[in-house]
>>> print(open('work-v6.cif').read())   # mmCIF, C-alpha atoms
data_data
loop_
_atom_site.label_atom_id
_atom_site.label_comp_id
_atom_site.auth_asym_id
_atom_site.auth_seq_id
_atom_site.Cartn_x
_atom_site.Cartn_y
_atom_site.Cartn_z
CA MET A 265 111.27 32.02 103.01
CA ASN A 266 114.15 30.66 105.06
CA PRO A 267 116.92 29.07 103.00
CA ASN A 268 117.30 26.34 105.58
CA LEU A 269 114.45 25.00 107.66
CA THR A 270 116.23 22.04 109.24
CA ASN A 271 115.58 23.69 112.59
CA PRO A 272 111.87 23.15 113.28
CA ARG A 273 111.85 26.29 115.43
CA ALA A 274 112.83 28.35 112.36
CA ASP A 275 109.31 27.93 110.97
CA GLU A 276 107.89 29.17 114.26
CA VAL A 277 110.17 32.22 114.26
CA ASP A 278 108.88 33.04 110.78
CA ALA A 279 105.30 32.56 111.98
CA ILE A 280 105.86 34.96 114.90
CA LEU A 281 107.31 37.61 112.60
CA LYS A 282 104.25 37.35 110.37
CA ARG A 283 101.80 37.35 113.27
CA VAL A 284 103.24 40.20 115.37
CA PRO A 285 101.93 43.52 114.00
CA PHE A 286 104.89 45.53 115.30
CA ALA A 287 107.41 43.22 113.57
CA GLN A 288 105.47 43.88 110.34
CA THR A 289 105.47 47.63 111.00
CA LEU A 290 109.26 47.51 111.38
CA GLY A 291 109.56 45.28 108.30
CA MET A 292 112.23 42.93 109.65
CA ARG A 293 112.92 39.33 108.67
CA CYS A 294 115.23 36.55 109.82
CA GLU A 295 117.45 34.00 108.15
CA ILE A 296 118.13 30.92 110.19
CA MET A 297 120.73 28.21 109.80
CA GLY A 298 120.66 25.70 112.63
CA ASP A 299 120.66 27.71 115.84
CA GLU A 300 122.29 30.68 114.11
CA MET A 301 119.96 33.52 113.22
CA THR A 302 120.66 36.73 111.34
CA ALA A 303 117.96 39.38 111.51
CA ILE A 304 117.64 41.82 108.63
CA LEU A 305 115.98 45.23 108.71
CA PRO A 306 115.77 46.45 105.10
CA PHE A 307 116.12 50.21 104.81
CA GLN A 308 112.83 52.12 104.52
CA GLU A 309 112.19 55.88 104.68
CA LYS A 310 109.92 55.48 107.70
CA LEU A 311 112.87 54.26 109.81
CA ILE A 312 114.62 57.64 109.58
CA GLY A 313 114.97 59.64 112.80
CA ASN A 314 116.89 62.65 111.53
CA VAL A 315 116.00 63.84 108.03
CA ASN A 316 118.95 66.24 107.78
CA ILE A 317 121.67 63.65 108.21
CA ARG A 318 119.43 60.75 107.05
CA ALA A 319 120.18 58.67 110.12
CA LEU A 320 118.09 55.73 111.31
CA HIS A 321 116.04 56.43 114.44
CA GLY A 322 117.59 55.03 117.61
CA GLY A 323 114.19 53.73 118.65
CA ALA A 324 113.85 51.74 115.43
CA ILE A 325 117.29 50.21 115.96
CA ALA A 326 116.49 49.40 119.61
CA SER A 327 113.16 47.81 118.61
CA PHE A 328 114.91 45.70 115.98
CA LEU A 329 117.58 44.56 118.47
CA GLU A 330 115.02 43.77 121.16
CA LEU A 331 113.03 41.63 118.73
CA THR A 332 116.21 39.91 117.54
CA ALA A 333 117.22 39.08 121.13
CA MET A 334 113.72 37.86 121.92
CA LEU A 335 113.53 35.63 118.84
CA GLN A 336 116.99 34.16 119.51
CA VAL A 337 115.87 33.09 123.00
CA PHE A 338 112.73 31.60 121.48
CA LEU A 339 114.77 29.80 118.79
CA ILE A 340 117.04 27.94 121.20
CA SER A 341 114.36 27.20 123.81
CA ASP A 342 111.28 25.02 123.79
CA MET A 343 109.00 27.80 124.98
CA PRO A 344 105.54 27.88 123.40
CA ARG A 345 105.59 31.69 123.19
CA PRO A 346 108.26 34.39 122.90
CA PRO A 347 109.69 35.45 126.27
CA ARG A 348 108.68 38.65 128.09
CA PRO A 349 111.32 41.37 128.41
CA ILE A 350 112.42 42.49 131.90
CA ASN A 351 114.84 45.20 130.84
CA ILE A 352 117.10 46.29 128.03
CA THR A 353 120.18 48.49 127.96
CA ILE A 354 121.14 49.91 124.62
CA ASP A 355 124.46 51.46 123.62
CA TYR A 356 124.45 53.69 120.58
CA LEU A 357 127.92 53.28 119.11
CA ARG A 358 127.74 55.00 115.73
CA GLN A 359 125.21 56.58 113.43
CA GLY A 360 122.88 54.22 111.59
CA HIS A 361 122.99 55.20 107.91
CA ALA A 362 120.15 54.96 105.40
CA LYS A 363 121.02 51.36 104.55
CA ASP A 364 119.99 47.83 105.53
CA LEU A 365 120.74 46.86 109.11
CA TYR A 366 121.71 43.37 110.29
CA ALA A 367 121.72 41.88 113.77
CA ARG A 368 122.76 38.80 115.64
CA ALA A 369 122.01 37.86 119.23
CA PHE A 370 123.98 35.70 121.62
CA VAL A 371 122.26 34.10 124.60
CA MET A 372 124.85 34.46 127.35
CA LYS A 373 122.83 32.61 129.96
CA MET A 374 119.71 30.52 129.61
CA GLY A 375 118.42 29.79 133.08
CA ARG A 376 115.19 28.23 134.24
CA ARG A 377 113.59 31.59 134.95
CA MET A 378 115.65 34.18 133.10
CA ALA A 379 117.72 34.57 130.00
CA SER A 380 120.49 37.12 129.52
CA VAL A 381 121.12 38.11 125.92
CA ARG A 382 123.52 40.35 124.05
CA ALA A 383 122.70 41.55 120.55
CA GLU A 384 124.58 43.69 118.05
CA ALA A 385 123.47 45.51 114.92
CA TRP A 386 125.80 46.42 112.09
CA GLN A 387 125.75 47.75 108.53
CA GLU A 388 128.81 47.44 106.31
CA ASN A 389 131.19 45.90 108.81
CA ARG A 390 130.22 43.49 111.55
CA ALA A 391 133.28 44.53 113.57
CA ASP A 392 131.94 48.13 113.71
CA PRO A 393 128.52 47.70 115.29
CA VAL A 394 125.99 50.54 115.07
CA SER A 395 124.35 49.62 118.39
CA ALA A 396 124.44 46.86 120.97
CA ILE A 397 121.98 45.80 123.63
CA VAL A 398 121.99 43.64 126.71
CA ALA A 399 118.53 42.33 127.50
CA HIS A 400 116.96 40.15 130.18
CA PHE A 401 113.90 38.05 129.48
CA MET A 402 111.55 36.02 131.64
CA VAL A 403 111.58 32.46 130.36
CA ALA A 404 109.71 30.78 133.26
CA GLN A 405 106.48 29.13 132.17
CA ASP A 406 103.54 30.19 134.29
CA MET B 207 112.96 90.70 123.89
CA THR B 208 116.60 91.73 124.49
CA ASP B 209 116.78 90.19 127.97
CA ASP B 210 115.11 87.06 126.63
CA LYS B 211 118.55 85.63 125.88
CA ASN B 212 119.25 85.38 129.59
CA ASN B 213 116.02 83.64 130.39
CA PRO B 214 116.84 79.99 131.24
CA ASP B 215 113.38 78.95 130.05
CA ARG B 216 113.97 80.44 126.60
CA ILE B 217 114.75 77.14 124.86
CA ALA B 218 111.77 75.41 126.48
CA ALA B 219 109.55 78.28 125.31
CA VAL B 220 110.90 78.02 121.75
CA MET B 221 110.33 74.25 121.81
CA ARG B 222 106.78 74.71 123.09
CA GLU B 223 106.07 77.04 120.21
CA HIS B 224 107.37 74.53 117.67
CA VAL B 225 106.05 71.30 119.18
CA GLY B 226 103.94 70.57 116.10
CA LEU B 227 106.93 71.00 113.81
CA MET B 228 109.18 68.85 116.03
CA ASN B 229 106.57 66.11 115.99
CA SER B 230 106.13 66.15 112.24
CA VAL B 231 109.72 66.00 110.95
CA VAL B 232 110.71 62.62 112.41
CA PRO B 233 109.57 59.79 110.07
CA TRP B 234 109.91 57.01 112.66
CA GLY B 235 108.13 59.21 115.23
CA ASN B 236 105.27 59.66 112.77
CA GLU B 237 105.12 55.93 112.14
CA ILE B 238 104.86 55.22 115.88
CA GLY B 239 102.40 58.10 116.28
CA PHE B 240 103.30 59.74 119.57
CA GLU B 241 102.97 63.45 120.31
CA VAL B 242 104.73 65.83 122.65
CA THR B 243 102.16 67.51 124.87
CA GLN B 244 104.12 69.76 127.23
CA VAL B 245 107.62 71.24 127.49
CA GLU B 246 109.11 72.87 130.59
CA ARG B 247 112.76 73.56 131.35
CA GLY B 248 114.44 70.13 131.40
CA HIS B 249 111.10 68.33 131.48
CA VAL B 250 108.97 67.00 128.62
CA TRP B 251 105.64 65.16 128.51
CA GLY B 252 104.11 63.15 125.68
CA ARG B 253 101.31 60.82 124.71
CA GLN B 254 101.59 57.51 122.86
CA PRO B 255 98.20 56.26 121.63
CA TRP B 256 97.52 52.53 121.34
CA SER B 257 97.40 51.26 117.79
CA GLU B 258 96.96 47.82 116.23
CA LYS B 259 100.17 48.09 114.20
CA LEU B 260 102.26 48.60 117.36
CA VAL B 261 101.13 45.39 119.03
CA GLY B 262 103.94 43.08 120.14
CA ASP B 263 101.74 40.27 121.47
CA PRO B 264 98.76 39.52 119.21
CA ASP B 265 97.12 37.36 121.92
CA THR B 266 96.82 40.20 124.43
CA GLY B 267 97.09 43.35 122.31
CA VAL B 268 100.00 44.63 124.41
CA ILE B 269 102.18 47.23 122.67
CA HIS B 270 105.74 46.13 121.88
CA GLY B 271 108.54 47.29 124.18
CA GLY B 272 110.32 48.87 121.23
CA VAL B 273 107.53 51.44 120.98
CA ILE B 274 108.11 52.49 124.58
CA THR B 275 111.87 52.62 123.99
CA THR B 276 111.36 54.90 120.97
CA PHE B 277 108.96 57.09 122.92
CA LEU B 278 111.14 57.48 126.05
CA ASP B 279 114.33 57.92 124.00
CA ASN B 280 112.73 60.78 122.07
CA LEU B 281 111.25 62.49 125.12
CA SER B 282 114.53 62.14 127.02
CA GLY B 283 116.49 63.71 124.16
CA MET B 284 114.03 66.60 124.04
CA ALA B 285 114.26 67.05 127.82
CA CYS B 286 118.04 67.52 127.36
CA THR B 287 117.54 70.21 124.73
CA ALA B 288 114.91 71.85 126.96
CA ALA B 289 117.38 71.88 129.87
CA MET B 290 119.97 73.98 128.05
CA THR B 291 120.33 77.73 127.88
CA ARG B 292 121.57 77.64 124.29
CA LEU B 293 120.00 75.60 121.54
CA ARG B 294 121.85 72.29 121.35
CA PHE B 295 120.76 68.92 120.06
CA VAL B 296 121.83 65.67 121.62
CA ALA B 297 122.59 62.09 120.59
CA THR B 298 121.80 59.08 122.77
CA ILE B 299 124.89 57.40 124.23
CA ASP B 300 123.02 54.74 126.15
CA LEU B 301 119.55 54.10 127.43
CA ARG B 302 118.31 51.54 129.92
CA ILE B 303 114.65 50.58 129.96
CA ASP B 304 113.03 48.62 132.79
CA TYR B 305 109.65 47.10 132.00
CA MET B 306 107.41 47.21 135.07
CA ARG B 307 104.16 45.88 133.63
CA PRO B 308 102.66 45.44 130.17
CA ALA B 309 100.75 48.40 128.76
CA GLU B 310 97.02 47.76 128.52
CA LYS B 311 95.35 47.26 125.17
CA GLY B 312 93.56 50.36 123.90
CA LEU B 313 94.89 52.77 126.53
CA ASP B 314 97.09 55.80 125.88
CA ILE B 315 100.58 55.72 127.40
CA ILE B 316 101.77 58.91 129.05
CA GLY B 317 105.48 59.59 128.91
CA GLU B 318 107.48 61.97 131.03
CA ALA B 319 111.20 62.67 130.75
CA GLU B 320 113.48 64.76 132.92
CA CYS B 321 117.01 65.91 132.29
CA TYR B 322 118.40 66.28 135.81
CA ARG B 323 122.03 67.07 135.06
CA VAL B 324 123.80 68.86 132.24
CA THR B 325 127.61 68.85 132.05
CA LYS B 326 129.84 70.34 129.37
CA SER B 327 129.31 67.47 126.98
CA VAL B 328 126.88 64.99 128.55
CA CYS B 329 123.27 65.08 129.83
CA PHE B 330 121.68 62.61 132.23
CA THR B 331 118.01 61.70 132.07
CA ARG B 332 115.26 59.72 133.75
CA ALA B 333 111.93 58.92 132.15
CA TRP B 334 108.66 57.24 133.00
CA ALA B 335 105.88 55.66 130.96
CA TYR B 336 102.53 55.08 132.66
CA HIS B 337 98.76 54.87 132.35
CA GLY B 338 97.01 57.82 133.98
CA THR B 339 99.35 58.60 136.85
CA ARG B 340 102.92 57.75 137.84
CA ASP B 341 101.76 55.12 140.35
CA LYS B 342 100.77 52.92 137.42
CA LEU B 343 104.18 52.59 135.81
CA ILE B 344 104.68 50.63 132.60
CA ALA B 345 108.39 51.35 132.21
CA THR B 346 111.15 53.58 133.53
CA SER B 347 114.37 54.58 131.85
CA ALA B 348 117.77 56.09 132.58
CA GLY B 349 119.77 57.62 129.78
CA THR B 350 122.93 59.52 128.93
CA PHE B 351 123.11 61.86 125.94
CA ALA B 352 126.07 63.52 124.21
CA ILE B 353 125.64 67.21 123.49
CA ASN B 354 126.26 67.95 119.82
CA LYS B 355 128.39 70.97 119.13
CA PRO B 356 126.89 73.19 116.43
CA ARG B 357 128.34 72.46 113.00
CA PHE B 358 127.83 75.95 111.62
CA ASP B 359 128.94 78.60 114.03
CA GLY B 360 130.23 81.31 111.70
CA GLY B 361 133.65 79.66 111.80
CA LYS B 362 134.00 80.33 115.51
CA LYS B 363 134.94 77.54 117.86
CA ASP B 364 132.36 76.90 120.56
CA ALA B 365 133.72 77.19 124.09
#
>>> encode(input="work-v6.cif", output="structure tokens")
Amino acid sequence: MNPNLTNPRADEVDAILKRVPFAQTLGMRCEIMGDEMTAILPFQEKLIGNVNIRALHGGAIASFLELTAMLQVFLISDMPRPPRPINITIDYLRQGHAKDLYARAFVMKMGRRMASVRAEAWQENRADPVSAIVAHFMVAQD
Amino acid sequence: MTDDKNNPDRIAAVMREHVGLMNSVVPWGNEIGFEVTQVERGHVWGRQPWSEKLVGDPDTGVIHGGVITTFLDNLSGMACTAAMTRLRFVATIDLRIDYMRPAEKGLDIIGEAECYRVTKSVCFTRAWAYHGTRDKLIATSAGTFAINKPRFDGGKKDA
């Protein structure tokens, strides 16, 4: 499904998305070029949190961003499995409209035991993010 | 009923009465499948059942962290509304989740959220997710919520 599979880890990211039930429930997918990954959450009615203003649920956005951050760590590492989350902090910056949502994650620090990641989700304009998270993951193999 | 307006537990009582309705009108809440079980002033409890489609790690059957985030975010927002003396809804400004241990496959997760401070425009919350009792914590959270001013107020500005 990926337009470019020159990164062998890209296949594995796809496999994880297909194998993880919650990723399927959310309905997200990823496009990968080299080490650059864009996650896409196509709009679906079930993602709505407020029916009156037709806004996406903050929990759906947070879940999407957490998965994006986790998969980005996996993509640039040689870990056999996706990393375990330690904590996440999410900022809700603007309302998520009833439209597709995109996200990119940036691994700020990849240590031997922990990774620190920032991820942002946007809709029409990448410079106006809907939400952003900072997440820490355990990357130590045990 | 006339002095009911001055009862600080009025909003919590109204919310208790309409818990079923509040549960049913949120599509993403329905998808995740949690329910609110108890509402007191500034304090809300809920239950998140385990389900195959919520699994984040297919090898262990552990529920994905995003489910817990959704659950605690929702309960925290409701705790804010339940803490107020007039009906006001809130929007999450930020939420921090700390994962203590993975939730166990097949077990219900209990959620508890408390709004411990209400200012003119912001509420502060803490929340817990656990199995059975609070000494078996799965995750904790700290949140801040913006209080939405009512949009339709008969043209009058809200103080």
>>> residues_around(input="work-v6.cif", residues="Arg376 in chain A", least_positions_apart="2", cutoff="10 Å", atoms="all atoms listed in the file", output="short mmCIF file (atom, residue, chain, number, x, y, z; two decimals) with C-alpha atoms, in the coordinates of the input")
data_model
loop_
_atom_site.label_atom_id
_atom_site.label_comp_id
_atom_site.auth_asym_id
_atom_site.auth_seq_id
_atom_site.Cartn_x
_atom_site.Cartn_y
_atom_site.Cartn_z
CA LYS A 373 122.83 32.61 129.96
CA MET A 374 119.71 30.52 129.61
CA MET A 378 115.65 34.18 133.10
CA ALA A 379 117.72 34.57 130.00
CA MET A 402 111.55 36.02 131.64
CA VAL A 403 111.58 32.46 130.36
CA ALA A 404 109.71 30.78 133.26
CA GLN A 405 106.48 29.13 132.17
#
>>> closest_atom_pairs(input="work-v6.cif", of="chain B", to="chain A", cutoff="10 Å", atoms="all atoms listed in the file", output="Markdown table")
| residue | atom | partner | partner_atom | distance |
| --- | --- | --- | --- | --- |
| B:Val231 | CA | A:Val315 | CA | 7.3 |
| B:Val232 | CA | A:Gly313 | CA | 5.2 |
| B:Pro233 | CA | A:Lys310 | CA | 4.9 |
| B:Trp234 | CA | A:Leu311 | CA | 4.9 |
| B:Gly235 | CA | A:Gly313 | CA | 7.3 |
| B:Asn236 | CA | A:Lys310 | CA | 8.0 |
| B:Glu237 | CA | A:Lys310 | CA | 6.6 |
| B:Ile238 | CA | A:Thr289 | CA | 9.0 |
| B:Ser257 | CA | A:Pro285 | CA | 9.7 |
| B:Glu258 | CA | A:Pro285 | CA | 6.9 |
| B:Lys259 | CA | A:Pro285 | CA | 4.9 |
| B:Leu260 | CA | A:Phe286 | CA | 4.5 |
| B:Val261 | CA | A:Phe286 | CA | 5.3 |
| B:Gly262 | CA | A:Phe286 | CA | 5.5 |
| B:Asp263 | CA | A:Val284 | CA | 6.3 |
| B:Pro264 | CA | A:Val284 | CA | 5.9 |
| B:Asp265 | CA | A:Val284 | CA | 9.4 |
| B:Gly267 | CA | A:Pro285 | CA | 9.6 |
| B:Ile269 | CA | A:Phe286 | CA | 8.0 |
| B:His270 | CA | A:Phe286 | CA | 6.7 |
| B:Gly271 | CA | A:Ser327 | CA | 7.3 |
| B:Gly272 | CA | A:Ser327 | CA | 4.0 |
| B:Val273 | CA | A:Ser327 | CA | 7.1 |
| B:Ile274 | CA | A:Gly323 | CA | 8.6 |
| B:Thr275 | CA | A:Gly323 | CA | 5.9 |
| B:Thr276 | CA | A:Gly323 | CA | 3.8 |
| B:Phe277 | CA | A:Gly323 | CA | 7.5 |
| B:Leu278 | CA | A:Gly323 | CA | 8.8 |
| B:Asp279 | CA | A:Gly323 | CA | 6.8 |
| B:Asn280 | CA | A:Gly323 | CA | 8.0 |
| B:Ala297 | CA | A:Tyr356 | CA | 8.6 |
| B:Thr298 | CA | A:Tyr356 | CA | 6.4 |
| B:Ile299 | CA | A:Tyr356 | CA | 5.2 |
| B:Asp300 | CA | A:Asp355 | CA | 4.4 |
| B:Leu301 | CA | A:Ile354 | CA | 5.3 |
| B:Arg302 | CA | A:Thr353 | CA | 4.1 |
| B:Ile303 | CA | A:Ile352 | CA | 5.3 |
| B:Asp304 | CA | A:Asn351 | CA | 4.3 |
| B:Tyr305 | CA | A:Ile350 | CA | 5.4 |
| B:Met306 | CA | A:Ile350 | CA | 7.6 |
| B:Arg307 | CA | A:Ile350 | CA | 9.1 |
| B:Pro308 | CA | A:Arg348 | CA | 9.3 |
| B:Ala345 | CA | A:Asn351 | CA | 9.0 |
| B:Thr346 | CA | A:Asn351 | CA | 9.5 |
| B:Ser347 | CA | A:Thr353 | CA | 9.3 |
| B:Ala348 | CA | A:Thr353 | CA | 9.2 |
| B:Gly349 | CA | A:Thr353 | CA | 9.3 |
| B:Thr350 | CA | A:Asp355 | CA | 9.8 |
| B:Phe351 | CA | A:Tyr356 | CA | 9.9 |
>>> resolve_selection(input="work-v6.cif", expression="the PyMOL selection byres ((chain B and resi 212-227) around 9)", output="PyMOL selection string")
chain B and resi 208-211+228-231+241-249+284-285+287-293
>>> write_last_selection(input="work-v6.cif", atoms="C-alpha atoms", output="PDB file, in the frame of the given file")
ATOM      1  CA  THR B 208     116.600  91.730 124.490  1.00  0.00           C
ATOM      2  CA  ASP B 209     116.780  90.190 127.970  1.00  0.00           C
ATOM      3  CA  ASP B 210     115.110  87.060 126.630  1.00  0.00           C
ATOM      4  CA  LYS B 211     118.550  85.630 125.880  1.00  0.00           C
ATOM      5  CA  MET B 228     109.180  68.850 116.030  1.00  0.00           C
ATOM      6  CA  ASN B 229     106.570  66.110 115.990  1.00  0.00           C
ATOM      7  CA  SER B 230     106.130  66.150 112.240  1.00  0.00           C
ATOM      8  CA  VAL B 231     109.720  66.000 110.950  1.00  0.00           C
ATOM      9  CA  GLU B 241     102.970  63.450 120.310  1.00  0.00           C
ATOM     10  CA  VAL B 242     104.730  65.830 122.650  1.00  0.00           C
ATOM     11  CA  THR B 243     102.160  67.510 124.870  1.00  0.00           C
ATOM     12  CA  GLN B 244     104.120  69.760 127.230  1.00  0.00           C
ATOM     13  CA  VAL B 245     107.620  71.240 127.490  1.00  0.00           C
ATOM     14  CA  GLU B 246     109.110  72.870 130.590  1.00  0.00           C
ATOM     15  CA  ARG B 247     112.760  73.560 131.350  1.00  0.00           C
ATOM     16  CA  GLY B 248     114.440  70.130 131.400  1.00  0.00           C
ATOM     17  CA  HIS B 249     111.100  68.330 131.480  1.00  0.00           C
ATOM     18  CA  MET B 284     114.030  66.600 124.040  1.00  0.00           C
ATOM     19  CA  ALA B 285     114.260  67.050 127.820  1.00  0.00           C
ATOM     20  CA  THR B 287     117.540  70.210 124.730  1.00  0.00           C
ATOM     21  CA  ALA B 288     114.910  71.850 126.960  1.00  0.00           C
ATOM     22  CA  ALA B 289     117.380  71.880 129.870  1.00  0.00           C
ATOM     23  CA  MET B 290     119.970  73.980 128.050  1.00  0.00           C
ATOM     24  CA  THR B 291     120.330  77.730 127.880  1.00  0.00           C
ATOM     25  CA  ARG B 292     121.570  77.640 124.290  1.00  0.00           C
ATOM     26  CA  LEU B 293     120.000  75.600 121.540  1.00  0.00           C
TER      27      LEU B 293
END
>>> atom_distance(input="work-v6.cif", atom1="CA of Lys355 in chain B", atom2="CA of Glu384 in chain A")
27.6 Å
>>> closest_residue(input="work-v6.cif", among="B:Tyr336, B:Gly283, B:Ile353, B:Arg294", to="Leu313 in chain B", atoms="only C-alpha atoms")
B:Tyr336
>>> closest_residue(input="work-v6.cif", among="B:Trp256, B:Phe330, B:Phe240, B:Trp251", to="Cys286 in chain B", atoms="only C-alpha atoms")
B:Phe330
>>> residues_around(input="work-v6.cif", residues="Ala274 in chain A", least_positions_apart="6", cutoff="9 Å", atoms="all atoms listed in the file", output="NGL selection string")
:A and (266 or 268 or 294-299 or 301 or 339)
>>> closest_residue(input="work-v6.cif", among="B:Ala352, B:Ala309, B:His337, B:Val250", to="Val324 in chain B", atoms="only C-alpha atoms")
B:Ala352
>>> axis_aligned_box(input="work-v6.cif", around="range 264-282 of chain B", padding_each_side="3 Å", output="lines of an AutoDock Vina configuration file")
center_x = 105.7
center_y = 49.9
center_z = 123.1
size_x = 23.7
size_y = 31.1
size_z = 13.8
>>> residues_around(input="work-v6.cif", residues="Arg293 in chain A", least_positions_apart="4", cutoff="8 Å", atoms="all atoms listed in the file", output="VMD selection string")
chain A and resid 278 281 303 to 305
>>> atom_distance(input="work-v6.cif", atom1="CA of Ile316 in chain B", atom2="CA of Thr339 in chain B")
8.2 Å
>>> atom_distance(input="work-v6.cif", atom1="CA of Gly312 in chain B", atom2="CA of Arg253 in chain B")
13.0 Å
>>> closest_residue(input="work-v6.cif", among="A:Ala362, A:Ala319, A:Val394, A:Ala383", to="Thr332 in chain A", atoms="only C-alpha atoms")
A:Ala383
>>> resolve_selection(input="work-v6.cif", expression="the PyMOL selection byres ((chain A and resi 371) around 7)", output="count of residues only")
9
>>> residues_near_point(input="work-v6.cif", point="(108.9, 63.2, 130.7)", cutoff="7 Å", atoms="all atoms listed in the file", output="PyMOL selection string")
chain B and resi 249-252+281-282+317-320+333-334
>>> closest_residue(input="work-v6.cif", among="B:Ala335, B:Val268, B:Val328, B:Val296", to="Glu310 in chain B", atoms="all atoms listed in the file")
B:Val268
